[in-house]
file input22.pdb (PDB, C-alpha atoms)
ATOM      1  CA  TYR O   1       0.000   0.000   0.000
ATOM      2  CA  PHE O   2       2.998   2.218   0.561
ATOM      3  CA  LEU O   3       3.290   2.984  -3.142
ATOM      4  CA  THR O   4      -0.210   4.416  -3.363
ATOM      5  CA  ALA O   5       0.240   7.070  -0.659
ATOM      6  CA  GLY O   6       2.339   9.661  -2.458
ATOM      7  CA  GLU O   7       5.729  10.328  -3.961
ATOM      8  CA  HIS O   8       7.350  10.931  -0.577
ATOM      9  CA  ASN O   9       6.631   7.280   0.251
ATOM     10  CA  ARG O  10       8.007   6.178  -3.105
ATOM     11  CA  ALA O  11      11.180   8.176  -2.464
ATOM     12  CA  ALA O  12      11.532   6.619   0.994
ATOM     13  CA  MET O  13      11.190   3.159  -0.491
ATOM     14  CA  ASP O  14      13.803   3.945  -3.148
ATOM     15  CA  SER O  15      16.181   5.129  -0.427
ATOM     16  CA  ALA O  16      15.570   2.002   1.652
ATOM     17  CA  ILE O  17      16.274  -0.247  -1.343
ATOM     18  CA  THR O  18      19.451   1.688  -2.148
ATOM     19  CA  ILE O  19      20.696   1.425   1.440
ATOM     20  CA  ALA O  20      19.895  -2.291   1.562
ATOM     21  CA  LYS O  21      21.641  -2.999  -1.726
ATOM     22  CA  THR O  22      24.678  -0.880  -0.761
ATOM     23  CA  ASN O  23      25.025  -3.015   2.368
ATOM     24  CA  GLY O  24      24.537  -6.360   0.635
ATOM     25  CA  THR O  25      21.058  -6.928   2.059
ATOM     26  CA  LYS O  26      18.482  -8.753  -0.002
ATOM     27  CA  VAL O  27      15.203  -6.971  -0.668
ATOM     28  CA  ALA O  28      11.777  -8.602  -0.648
ATOM     29  CA  PHE O  29       8.803  -6.846  -2.240
ATOM     30  CA  PRO O  30       5.320  -7.912  -1.139
ATOM     31  CA  VAL O  31       2.833  -6.691  -3.742
ATOM     32  CA  SER O  32       0.158  -6.242  -1.010
ATOM     33  CA  ALA O  33      -3.037  -5.829  -3.045
ATOM     34  CA  GLU O  34      -4.277  -6.075  -6.602
ATOM     35  CA  PHE O  35      -5.344  -2.426  -6.613
ATOM     36  CA  VAL O  36      -1.697  -1.459  -5.987
ATOM     37  CA  VAL O  37      -0.822  -3.155  -9.287
ATOM     38  CA  HIS O  38      -3.648  -1.348 -11.057
ATOM     39  CA  MET O  39      -2.482   2.002  -9.676
ATOM     40  CA  ARG O  40       1.305   1.571  -9.907
ATOM     41  CA  GLY O  41       1.929  -1.482 -12.112
ATOM     42  CA  LYS O  42       4.171   0.252 -14.633
ATOM     43  CA  ASP O  43       6.279   1.729 -11.832
ATOM     44  CA  ILE O  44       6.531  -1.677 -10.149
ATOM     45  CA  VAL O  45       7.611  -3.381 -13.378
ATOM     46  CA  ASP O  46       9.977  -0.663 -14.590
ATOM     47  CA  THR O  47      11.680   0.518 -11.409
ATOM     48  CA  ILE O  48      11.003  -1.835  -8.501
ATOM     49  CA  LEU O  49      11.256  -5.365  -9.886
ATOM     50  CA  PRO O  50      14.730  -4.778 -11.357
ATOM     51  CA  ARG O  51      15.996  -3.796  -7.880
ATOM     52  CA  VAL O  52      14.487  -6.501  -5.657
ATOM     53  CA  ASP O  53      15.533 -10.074  -4.965
ATOM     54  CA  LEU O  54      12.162 -11.597  -4.021
ATOM     55  CA  VAL O  55       8.573 -10.854  -4.980
ATOM     56  CA  LEU O  56       5.733 -12.201  -2.835
ATOM     57  CA  CYS O  57       2.213 -11.972  -4.206
ATOM     58  CA  ASN O  58      -1.086 -13.783  -4.462
ATOM     59  CA  GLU O  59      -2.510 -15.214  -7.653
ATOM     60  CA  GLY O  60      -4.622 -12.170  -8.528
ATOM     61  CA  GLU O  61      -1.752  -9.762  -7.924
ATOM     62  CA  SER O  62       0.612 -11.896 -10.003
ATOM     63  CA  ARG O  63      -1.802 -12.134 -12.936
ATOM     64  CA  ALA O  64      -2.456  -8.376 -12.840
ATOM     65  CA  LEU O  65       1.255  -7.589 -12.709
ATOM     66  CA  ALA O  66       2.199  -9.984 -15.517
ATOM     67  CA  LYS O  67      -1.021  -9.403 -17.485
ATOM     68  CA  THR O  68      -1.556 -13.150 -17.770
ATOM     69  CA  GLN O  69      -4.491 -15.496 -17.272
ATOM     70  CA  THR O  70      -2.851 -17.993 -14.899
ATOM     71  CA  ALA O  71      -0.550 -17.979 -11.910
ATOM     72  CA  ALA O  72       1.762 -20.391 -13.748
ATOM     73  CA  ALA O  73       2.156 -17.933 -16.630
ATOM     74  CA  ALA O  74       2.659 -15.078 -14.159
ATOM     75  CA  LEU O  75       5.338 -17.107 -12.354
ATOM     76  CA  GLU O  76       7.129 -17.589 -15.656
ATOM     77  CA  TRP O  77       6.930 -13.868 -16.473
ATOM     78  CA  LEU O  78       7.999 -12.722 -13.006
ATOM     79  CA  SER O  79      10.874 -15.199 -12.741
ATOM     80  CA  GLU O  80      12.376 -13.664 -15.897
ATOM     81  CA  ARG O  81      12.575 -10.350 -14.005
ATOM     82  CA  VAL O  82      13.269 -11.266 -10.379
ATOM     83  CA  ALA O  83      15.525 -14.002  -8.989
ATOM     84  CA  ASP O  84      12.992 -15.358  -6.492
ATOM     85  CA  VAL O  85       9.191 -15.342  -6.799
ATOM     86  CA  VAL O  86       6.507 -16.767  -4.523
ATOM     87  CA  ILE O  87       2.832 -16.804  -5.507
ATOM     88  CA  THR O  88       0.145 -17.910  -3.077
ATOM     89  CA  CYS O  89      -2.843 -19.556  -4.713
ATOM     90  CA  GLY O  90      -5.359 -19.883  -1.868
ATOM     91  CA  ALA O  91      -6.788 -23.381  -1.574
ATOM     92  CA  GLU O  92      -4.345 -24.529  -4.268
ATOM     93  CA  GLY O  93      -1.287 -23.793  -2.104
ATOM     94  CA  ALA O  94       1.658 -21.849  -3.466
ATOM     95  CA  ILE O  95       4.142 -21.944  -6.322
ATOM     96  CA  GLY O  96       7.539 -20.426  -6.606
ATOM     97  CA  VAL O  97      10.926 -20.133  -8.177
ATOM     98  CA  THR O  98      13.604 -19.640  -5.556
ATOM     99  CA  GLN O  99      17.318 -20.214  -5.688
ATOM    100  CA  GLY O 100      16.854 -21.285  -9.326
ATOM    101  CA  GLU O 101      14.441 -24.107  -8.498
ATOM    102  CA  ARG O 102      10.729 -24.364  -9.157
ATOM    103  CA  TRP O 103       8.493 -25.740  -6.452
ATOM    104  CA  GLN O 104       4.840 -26.157  -5.593
ATOM    105  CA  ILE O 105       3.296 -26.862  -2.219
ATOM    106  CA  PRO O 106      -0.282 -27.752  -1.284
ATOM    107  CA  ALA O 107      -2.369 -25.576   0.984
ATOM    108  CA  ALA O 108      -2.152 -26.551   4.638
ATOM    109  CA  PRO O 109      -5.165 -28.465   5.905
ATOM    110  CA  LEU O 110      -7.768 -26.538   7.858
ATOM    111  CA  THR O 111      -9.067 -27.780  11.199
ATOM    112  CA  SER O 112     -12.202 -25.615  10.935
ATOM    113  CA  SER O 113     -13.908 -23.448   8.343
ATOM    114  CA  ILE O 114     -12.532 -20.228   6.893
ATOM    115  CA  VAL O 115     -13.686 -17.267   8.973
ATOM    116  CA  ASP O 116     -11.695 -14.307   7.615
ATOM    117  CA  THR O 117      -8.938 -14.139   4.996
ATOM    118  CA  VAL O 118      -7.631 -10.707   6.077
ATOM    119  CA  GLY O 119      -3.944 -10.955   6.899
ATOM    120  CA  ALA O 120      -3.379 -14.422   5.426
ATOM    121  CA  GLY O 121      -0.999 -13.154   2.738
ATOM    122  CA  ASP O 122       0.973 -11.042   5.185
ATOM    123  CA  ALA O 123       1.181 -13.992   7.588
ATOM    124  CA  PHE O 124       2.388 -16.241   4.756
ATOM    125  CA  SER O 125       5.031 -13.699   3.709
ATOM    126  CA  GLY O 126       6.330 -13.194   7.230
ATOM    127  CA  ALA O 127       6.450 -16.910   7.983
ATOM    128  CA  PHE O 128       8.129 -17.639   4.637
ATOM    129  CA  LEU O 129      10.850 -15.063   5.315
ATOM    130  CA  ALA O 130      11.258 -16.394   8.860
ATOM    131  CA  GLY O 131      11.762 -19.856   7.374
ATOM    132  CA  LEU O 132      14.534 -18.609   5.121
ATOM    133  CA  MET O 133      16.470 -17.136   8.065
ATOM    134  CA  PRO O 134      17.703 -20.525   9.360
ATOM    135  CA  ASP O 135      18.518 -21.450   5.728
ATOM    136  CA  LEU O 136      15.576 -23.786   5.230
ATOM    137  CA  PRO O 137      14.882 -24.844   1.647
ATOM    138  CA  PRO O 138      12.302 -22.414   0.219
ATOM    139  CA  ALA O 139       9.684 -25.133  -0.360
ATOM    140  CA  ILE O 140       9.934 -26.130   3.324
ATOM    141  CA  ALA O 141       9.705 -22.469   4.374
ATOM    142  CA  ALA O 142       6.594 -22.200   2.150
ATOM    143  CA  LYS O 143       4.998 -25.261   3.775
ATOM    144  CA  GLY O 144       5.475 -23.661   7.180
ATOM    145  CA  ALA O 145       4.125 -20.375   5.851
ATOM    146  CA  ALA O 146       1.038 -22.170   4.530
ATOM    147  CA  ARG O 147       0.456 -23.512   8.062
ATOM    148  CA  ILE O 148       0.535 -19.997   9.495
ATOM    149  CA  ALA O 149      -1.750 -18.637   6.764
ATOM    150  CA  ALA O 150      -4.206 -21.500   7.392
ATOM    151  CA  ALA O 151      -4.237 -20.615  11.095
ATOM    152  CA  VAL O 152      -4.974 -16.961  10.282
ATOM    153  CA  VAL O 153      -7.967 -17.663   8.024
ATOM    154  CA  GLN O 154      -9.653 -19.754  10.718
ATOM    155  CA  VAL O 155     -10.035 -16.837  13.164
ATOM    156  CA  GLU O 156     -11.619 -13.391  13.042
ATOM    157  CA  GLY O 157      -9.107 -10.649  12.250
ATOM    158  CA  ALA O 158      -5.474 -10.898  11.215
ATOM    159  CA  ARG O 159      -4.318 -12.918  14.221
ATOM    160  CA  VAL O 160      -2.287 -16.041  14.725
ATOM    161  CA  ARG O 161      -3.548 -18.572  17.263
ATOM    162  CA  GLY O 162      -1.229 -19.562  20.085
ATOM    163  CA  ASP O 163      -0.482 -23.021  18.670
ATOM    164  CA  ALA O 164       0.286 -21.755  15.149
ATOM    165  CA  VAL O 165       3.954 -21.022  15.840
ATOM    166  CA  LYS O 166       4.464 -24.517  17.248
ATOM    167  CA  SER O 167       2.724 -25.944  14.171
ATOM    168  CA  TRP O 168       5.069 -23.892  11.955
ATOM    169  CA  GLU O 169       8.104 -25.185  13.863
ATOM    170  CA  VAL O 170       6.926 -28.779  13.422
ATOM    171  CA  GLU O 171       6.222 -28.255   9.710
ATOM    172  CA  VAL O 172       9.659 -26.814   8.971
ATOM    173  CA  GLY O 173      11.545 -29.190  11.248
ATOM    174  CA  LEU O 174      12.539 -26.666  13.890
ATOM    175  CA  ALA O 175      10.387 -28.000  16.743
ATOM    176  CA  GLY O 176      12.236 -27.593  20.019
ATOM    177  CA  ALA O 177      14.902 -25.361  18.457
ATOM    178  CA  ARG O 178      14.063 -22.442  20.763
ATOM    179  CA  GLN O 179      14.876 -24.514  23.834
ATOM    180  CA  LYS O 180      18.386 -25.304  22.580
TER     181      LYS O 180
END
call {"tool": "encode", "arguments": {"input": "input22.pdb", "output": "structure tokens"}}
result
Amino acid sequence: YFLTAGEHNRAAMDSAITIAKTNGTKVAFPVSAEFVVHMRGKDIVDTILPRVDLVLCNEGESRALAKTQTAAAALEWLSERVADVVITCGAEGAIGVTQGERWQIPAAPLTSSIVDTVGAGDAFSGAFLAGLMPDLPPAIAAKGAARIAAAVVQVEGARVRGDAVKSWEVEVGLAGARQK
């Protein structure tokens, strides 16, 4: 949403990317919402994608950005422009190209019905990035992220239930790591 709130925000983002790149820090760009693509798509494609290392988006955002009909075609288009791409596809799971490898993961199983999808994409993105920190393979990080997103959609509001972090740790193979 940052891109839609004025040029001062755009300038701040440019500065942040420059500082990160100057210091050897990788940059992830979450697309955030389909309307952001409709408002700033050309800017995203021309000036942001060439400077970031990872794009995180949902299926609708990816199709709008790539102007394609399918997430698979959008993944192809995006991976020609950015080294790493992750596209969430709701009940179909997620697809990605990371570290030069393509992967696909199923959606995590739900223990109850979907209550509210607000925050699921942000939860997925945060959990995916957290999974990359201990150098997990991206597909494993995505499986853990799918667990967190599934937990978020089963409650009202963008919240993570208390047992969701433990479920993530089990999914990615880090259960008990915090005690060590």
call {"tool": "closest_residue", "arguments": {"input": "input22.pdb", "among": "O:Val31, O:Ala83, O:Leu110, O:Leu78", "to": "O:Ala151", "atoms": "all atoms listed in the file"}}
result
O:Leu110
call {"tool": "axis_aligned_box", "arguments": {"input": "input22.pdb", "around": "stretch 19-22 of chain O", "padding_each_side": "8 Å", "output": "AutoDock Vina command-line options"}}
result
--center_x 22.3 --center_y -0.8 --center_z -0.1 --size_x 20.8 --size_y 20.4 --size_z 19.3
call {"tool": "closest_residue", "arguments": {"input": "input22.pdb", "among": "O:Leu174, O:Pro134, O:Val165, O:Ala141", "to": "O:Gly96", "atoms": "only C-alpha atoms"}}
result
O:Ala141
call {"tool": "closest_residue", "arguments": {"input": "input22.pdb", "among": "O:Pro30, O:Gly126, O:Gly6, O:Gly119", "to": "O:Ala142", "atoms": "only C-alpha atoms"}}
result
O:Gly126
call {"tool": "closest_residue", "arguments": {"input": "input22.pdb", "among": "O:Ala64, O:Val172, O:Leu75, O:Val27", "to": "O:Leu49", "atoms": "only C-alpha atoms"}}
result
O:Val27
